[in-house]
Every structure is written in C-alpha cells, then in structure tokens.
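First up is the structure itself, then whatever we jot down about it.
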Amino acid sequence: MKIDAALTKSIDHTQAEAAALEAAGHDGIWTGETQFDPFMRCLQIAQATERANIGTSVAIAFGRTPMTLAHSAYDLARYSKGRFVLGLGSQIKGHIERRFSMPWSRPAARMREYVMALRAIWSAWNDGERLSFQGEFYTHTLMTPFFSPPAHQYGPPEVWLAGVGEKMTVVAGEVCDGFVVHPFTTREYLTEVTLPALLRGRGAAGSPDLEGFSVATSAFVVIGRDDDELADAVRGTKQQIAFYASTPAYRPVLEHHGYGEVQPELTRMTKQGRWTEMADVIDDGLLHLVAVVGDPASVGPGVASRWGNACDRISLYLSYKADPALVAETTEALRGA
C-alpha cells in the first residue's frame with residue numbers, strides 16, 4: 001500500500017510543501033479544488049518534485065467542458081513526465097448551477113460520457129484519430145492541427161473518479177482507471193457497497209476483477225498524545241463529519257449504519273447557520289465508524305488494519321490543526337504497520 005499526502009498550506013507554499021512531502025517519503029501528493037486552482041498547484045508540485053505521483057483529489061469535472069479539462073490534464077501529464085493522475089469529482093447540483101453556472105443533469109450518466117469524451121479528445125491528439133465524439137451531453141467534432149498539442153511519450157493521464165453513491169461508483173469501474181474513496185465512508189460501506197459497485201462497472205467493461213485498477217482512500221484520523229489534544233481533534237473531526245453528513249448525496253453512508261435521520265437534521269442546521277453546533281449531532285459511535293481515534297502509536301496500525309487490504313493508496317485526513325510532528329509520527333507508525 002502506497003502512502004500519500006494532501007497539500008494543507010496555501011498556494012504560496014505549494015512548492016516548499018510538496019518538496020518536503022516527497023523528502024519525507026510520500027508516494028503521492030494530492031491537491032483538491034477548494035480555495036485554489038488545482039492545476040496551477042499540480043504544476044508547482046511537478047516543478048518541486050521528481051518521484052512522487054501528482055494528482056487532483058479532486059478537480060470538479062462539471063465546472064469545465066471536457067475540452068478545457070483535456071488540455072490541462074494532457075499538458076500536466078507531459079510536464080510531470082507521466083506522474084500526473086487526473087482525479088475527478090462531480091460536486092453537487094447547487095454548486096454546479098449556482099457557483100459554476102454550468103448545467104446539471106443525471107450526474108452518473110453525464111460523468112460516464114464526460115470521461116469517454118476526454119478519451120476521444122486524447123486519442124485525437126496522441127494517436128492521430130479523427131475527433132468525432134457525439135453524445136447526449138457533449139459533442140466534440142472539430143480539431144485542427146493549429147489547436148492540437150503534439151503527441152508525447154507519456155500519453156494521456158490516468159483518470160480516477162471520486163464517488164459515494166452506487167451509480168457513480170459503477171461508472172468509475174467501467175470507464176476509469178481508479179477510484180477515490182471519499183473520506184466520509186466506513187470500512188463496512190466500502191466492503192459491502194463500494195467495492196461490489198466497482199466490480200459491476202469493471203464487469204461491464206469486460207474486466208473480471210480490480211487488477212490494474214487503483215483504489216485510493218483518505219482516512220479520517222483523530223490523533224492526540226494527551227486528553228486535551230485528543231479532545232480538540234475529536235471536536236474538529238466531528239465538525240467535518242457533520243459538514244459532510246449534512247449533504248444528501250452522502251446519506252447512503254449514514255443509512256447503511258442506521259444514522260439516516262441525522263442528515264436532514266444537519267441540513268436544517270446549515271440553513272439556519274448553526275455551523276458550530278453541528279458537531280454535537282455526531283455521537284461517538286458515528287465518529288468511530290468514520291475515523292480511527294487514538295495516539296500515534298495506535299492510529300497508524302489502526303489505519304493499516306482498517307483500510308490496508310482494501311485500498312492501494314492511503315493518506316491521512318485531518319480536519320483540525322495538529323502538530324506536524326504528531327502527523328509525522330502517525331505516518332511512520334502507519335508505514336511500519
């Protein structure tokens with residue numbers, strides 16, 4: 001199992017942080033799309049590193065056209081010498097329509113076609129095939145030499161897809177090269193829902209198993225050396241779990257464990273602006289289902305035990321401020337487990 005890390009500092013510190021993460025032995029360095037553009041950060045990671053995989057976890061597909069995204073990803077594959085992985089996510093309807101001002105409909109079907117459109121565009125550039133993609137949601141039929149980037153030895157990047165619901169997970173298995181497990185999940189949900197859905201998708205594509213297909217997860221961890229550190233970590237983690245749990249798209253995870261009614265309660269609280277109170281709705285039972293809790297010596301092996309035989313890659317997910325030495329100690333315990 002490869003051990004990855006996500007950037008946590010602002011864009012001004014990207015190169016220094018990436019270099020430090022690679023020097024610390026991490027196999028991959030990932031950046032999400034929140035406050036900063038993920039592709040600008042991936043370019044900086046590529047400039048500052050030599051060995052680690054580089055990827056978006058995740059870039060919002062539906063906020064862009066396939067052509068726009070194809071250019072960014074193809075360029076990064078070349079610049080990084082094949083180390084770049086394009087990790088995609090759909091986001092939710094409100095953000096796509098109201099933040100990105102882009103169309104939303106049937107997200108799983110749209111994502112399937114989106115990835116197929118990317119591959120058609122890359123085939124035109126890398127293999128010289130005529131661009132003739134006509135789908136329900138996207139049409140790409142014009143490509144001239146002036147706008148075609150030259151083929152390069154590394155070829156198009158792998159495409160990984162993030163998801164929670166079964167439909168999107170099946171799409172990942174069918175048309176993608178890997179799956180990004182959302183931090184808001186449990187081992188039981190992964191084993192009983194996610195992996196079977198991936199296998200159904202792989203079967204539809206003619207592959208009987210997950211051989212050659214990557215599964216990466218970002219694991220919630222609650223780490224503390226003493227009661228005060230642990231209490232702060234618990235509070236911060238419950239706050240983040242509550243944020244995810246307030247989203248209807250993530251309700252299947254809650255329902256799988258009998259917590260379904262937590263979701264509408266948290267949604268009401270978000271509409272009332274009661275953000276700081278939401279952590280109180282997350283009980284310790286749900287906390288321990290989602291996160292591994294303890295000191296560094298126990299959390300490292302706990303993460304390996306929970307996720308190690310189900311995922312190819314893992315990174316620690318902390319939603320609170322923690323001493324970097326504490327995180328490094330936990331990572332070393334994970335590496336040695």
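Going through the structure tokens in order, the chains are called A, B, and so on, while each chain numbers its residues from 1 and the ligands are numbered from 1 in the order shown.
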So that I can see what lies close to Cys42 in chain A, please list as number ranges by chain the residues with an atom at most 9 Å from it, counting only C-alpha atoms and leaving out residues fewer than 2 positions away in the same chain. A: 14, 29-31, 37-40, 44-47, 54-56, 76, 80, 84
For the interface of range 217-294 of chain A with range 308-331 of chain A (cut-off 8 Å, counting only C-alpha atoms), please tabulate each contacting residue of range 217-294 of chain A alongside its nearest pair of atoms and their separation in Å to one decimal, rows sorted by chain and increasing number, as CSV.
```
residue,atom,partner,partner_atom,distance
A:Thr217,CA,A:Ile314,CA,5.0
A:Ser218,CA,A:Ser315,CA,4.7
A:Ala219,CA,A:Leu316,CA,5.1
A:Phe220,CA,A:Tyr317,CA,4.6
A:Val221,CA,A:Leu318,CA,6.0
A:Val222,CA,A:Leu318,CA,7.2
A:Ile223,CA,A:Leu326,CA,7.6
A:Gly224,CA,A:Leu326,CA,7.8
A:Asp232,CA,A:Tyr320,CA,7.7
A:Ala233,CA,A:Tyr320,CA,6.1
A:Gly236,CA,A:Tyr320,CA,5.1
A:Thr237,CA,A:Ser319,CA,5.6
A:Gln240,CA,A:Ser319,CA,6.4
```
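Note that CA of Gly273 in chain A and CA of Gln239 in chain A are 13.6 Å apart.
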DSSP alpha helix (DSSP H) residues within range 66-139 of chain A, as a PyMOL selection string: chain A and resi 66-79+93-94+107-127
Set the distance at 10 Å and use only C-alpha atoms: which residues neighbour range 103-113 of chain A once local chain neighbours fewer than 4 positions away are removed? I'd like the list as JSON, numbers by chain. {"A": [61, 62, 63, 66, 88, 89, 90, 91, 92, 93, 94, 95, 96, 97, 98, 117, 118, 119, 133, 134, 135, 136, 137, 138, 139, 161, 163, 165, 166, 167, 168, 169, 170, 171, 172, 174, 175, 176]}
Resulting file, chosen residues, C-alpha atoms, as a CSV table (one decimal), in the first residue's frame:
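In the end it all went to part_21.csv:
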```csv
chain,number,residue,atom,x,y,z
A,61,ALA,CA,-15.4,17.9,-13.9
A,62,PHE,CA,-18.8,19.6,-14.4
A,63,GLY,CA,-17.4,23.0,-13.8
A,66,PRO,CA,-14.2,18.1,-21.5
A,88,LEU,CA,-12.4,13.9,-11.0
A,89,GLY,CA,-15.5,14.6,-8.9
A,90,SER,CA,-19.0,15.7,-9.8
A,91,GLN,CA,-19.7,18.1,-6.9
A,92,ILE,CA,-23.4,18.6,-6.1
A,93,LYS,CA,-26.2,20.3,-8.1
A,94,GLY,CA,-26.2,23.6,-6.1
A,95,HIS,CA,-22.5,24.2,-6.6
A,96,ILE,CA,-22.5,23.3,-10.3
A,97,GLU,CA,-25.5,25.5,-11.2
A,98,ARG,CA,-25.1,28.4,-8.7
A,117,ALA,CA,-15.2,12.5,-24.3
A,118,LEU,CA,-11.8,13.0,-22.6
A,119,ARG,CA,-10.5,9.8,-24.0
A,133,PHE,CA,-17.4,12.3,-30.4
A,134,GLN,CA,-21.2,12.8,-30.3
A,135,GLY,CA,-23.0,12.1,-27.1
A,136,GLU,CA,-26.1,13.1,-25.2
A,137,PHE,CA,-24.4,15.8,-23.1
A,138,TYR,CA,-21.2,16.6,-25.0
A,139,THR,CA,-20.2,16.9,-28.7
A,161,LEU,CA,-13.2,9.2,-10.2
A,163,GLY,CA,-17.9,8.9,-5.6
A,165,GLY,CA,-23.4,6.6,-4.4
A,166,GLU,CA,-23.5,3.3,-6.3
A,167,LYS,CA,-24.3,4.7,-9.7
A,168,MET,CA,-21.2,7.0,-9.8
A,169,THR,CA,-19.1,4.2,-8.4
A,170,VAL,CA,-20.2,1.8,-11.2
A,171,VAL,CA,-19.2,4.4,-13.7
A,172,ALA,CA,-15.8,4.6,-12.1
A,174,GLU,CA,-16.5,0.9,-16.1
A,175,VAL,CA,-14.6,3.9,-17.7
A,176,CYS,CA,-11.9,5.0,-15.3
```
Strand (DSSP E or B) positions in range 59-262 of chain A, given as a ChimeraX atom specification: /A:59-60,84-89,133-134,139-140,158-163,178-181,214-223
Could you name the residues that touch Arg335 in chain A at 9 Å or less, counting only C-alpha atoms, but leaving out those on the same chain fewer than 6 positions away, as a list of chain:residue names?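 My list of contacting residues is A:Lys2, A:Ile3, A:Gly300, A:Pro301, A:Ala304.
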Given only C-alpha atoms as the counted atoms, nearest of A:Ile60, A:Met67, A:Ala73, A:Ala20 to Ala48 in chain A: A:Ala20
Two-atom distance - CA of Thr65 in chain A, CA of Gly128 in chain A (Å): 21.2 Å
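Of the listed residues A:Ala337, A:Met102, A:Arg83, A:Thr191, the one whose atoms come nearest to Arg64 in chain A is A:Met102, with distances taken using only C-alpha atoms.
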Give me the residues within 12 Å of range 122-124 of chain A as JSON, numbers by chain, counting only C-alpha atoms and dropping any in the same chain fewer than 4 places off. {"A": [66, 67, 68, 69, 70, 71, 72, 73, 74, 75, 77, 115, 116, 117, 118, 128, 129, 130, 131, 132, 133, 140, 141, 142, 143, 144, 145, 147, 148, 149, 150, 151, 152, 154, 155, 156, 157, 158, 159]}
Selected residues, C-alpha atoms, written as a PDB file, in the first residue's frame, please.
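Output contents, as saved in out_20.pdb:
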```
ATOM      1  CA  PRO A  66     -14.202  18.078 -21.476  1.00  0.00           C
ATOM      2  CA  MET A  67     -12.018  20.021 -23.941  1.00  0.00           C
ATOM      3  CA  THR A  68     -10.892  22.510 -21.306  1.00  0.00           C
ATOM      4  CA  LEU A  69     -10.017  19.750 -18.882  1.00  0.00           C
ATOM      5  CA  ALA A  70      -8.374  17.610 -21.557  1.00  0.00           C
ATOM      6  CA  HIS A  71      -5.844  20.364 -22.308  1.00  0.00           C
ATOM      7  CA  SER A  72      -4.871  20.938 -18.666  1.00  0.00           C
ATOM      8  CA  ALA A  73      -4.512  17.235 -17.912  1.00  0.00           C
ATOM      9  CA  TYR A  74      -2.621  16.371 -21.104  1.00  0.00           C
ATOM     10  CA  ASP A  75      -0.145  19.199 -20.528  1.00  0.00           C
ATOM     11  CA  ALA A  77       0.982  14.510 -17.987  1.00  0.00           C
ATOM     12  CA  VAL A 115     -14.721  10.559 -19.349  1.00  0.00           C
ATOM     13  CA  MET A 116     -15.422   8.994 -22.738  1.00  0.00           C
ATOM     14  CA  ALA A 117     -15.198  12.451 -24.314  1.00  0.00           C
ATOM     15  CA  LEU A 118     -11.829  13.042 -22.630  1.00  0.00           C
ATOM     16  CA  GLY A 128      -3.953  10.902 -34.606  1.00  0.00           C
ATOM     17  CA  GLU A 129      -7.530   9.631 -34.647  1.00  0.00           C
ATOM     18  CA  ARG A 130     -10.244  11.805 -36.123  1.00  0.00           C
ATOM     19  CA  LEU A 131     -12.204  13.601 -33.401  1.00  0.00           C
ATOM     20  CA  SER A 132     -15.813  12.549 -33.760  1.00  0.00           C
ATOM     21  CA  PHE A 133     -17.444  12.331 -30.360  1.00  0.00           C
ATOM     22  CA  HIS A 140     -16.624  17.288 -29.891  1.00  0.00           C
ATOM     23  CA  THR A 141     -16.212  17.040 -33.655  1.00  0.00           C
ATOM     24  CA  LEU A 142     -13.753  19.794 -34.563  1.00  0.00           C
ATOM     25  CA  MET A 143      -9.996  19.579 -34.093  1.00  0.00           C
ATOM     26  CA  THR A 144      -7.441  21.198 -36.397  1.00  0.00           C
ATOM     27  CA  PRO A 145      -3.615  20.939 -36.282  1.00  0.00           C
ATOM     28  CA  PHE A 147      -5.151  23.571 -31.809  1.00  0.00           C
ATOM     29  CA  SER A 148      -3.766  20.039 -31.376  1.00  0.00           C
ATOM     30  CA  PRO A 149      -0.940  19.650 -28.855  1.00  0.00           C
ATOM     31  CA  PRO A 150       1.861  17.408 -30.083  1.00  0.00           C
ATOM     32  CA  ALA A 151       1.802  13.780 -29.005  1.00  0.00           C
ATOM     33  CA  HIS A 152       4.236  12.957 -26.203  1.00  0.00           C
ATOM     34  CA  TYR A 154       3.900   9.723 -21.643  1.00  0.00           C
ATOM     35  CA  GLY A 155       0.478   9.745 -23.241  1.00  0.00           C
ATOM     36  CA  PRO A 156      -2.782  10.790 -21.574  1.00  0.00           C
ATOM     37  CA  PRO A 157      -3.008  10.603 -17.781  1.00  0.00           C
ATOM     38  CA  GLU A 158      -4.951   8.010 -15.856  1.00  0.00           C
ATOM     39  CA  VAL A 159      -8.445   9.137 -14.869  1.00  0.00           C
TER      40      VAL A 159
END
```
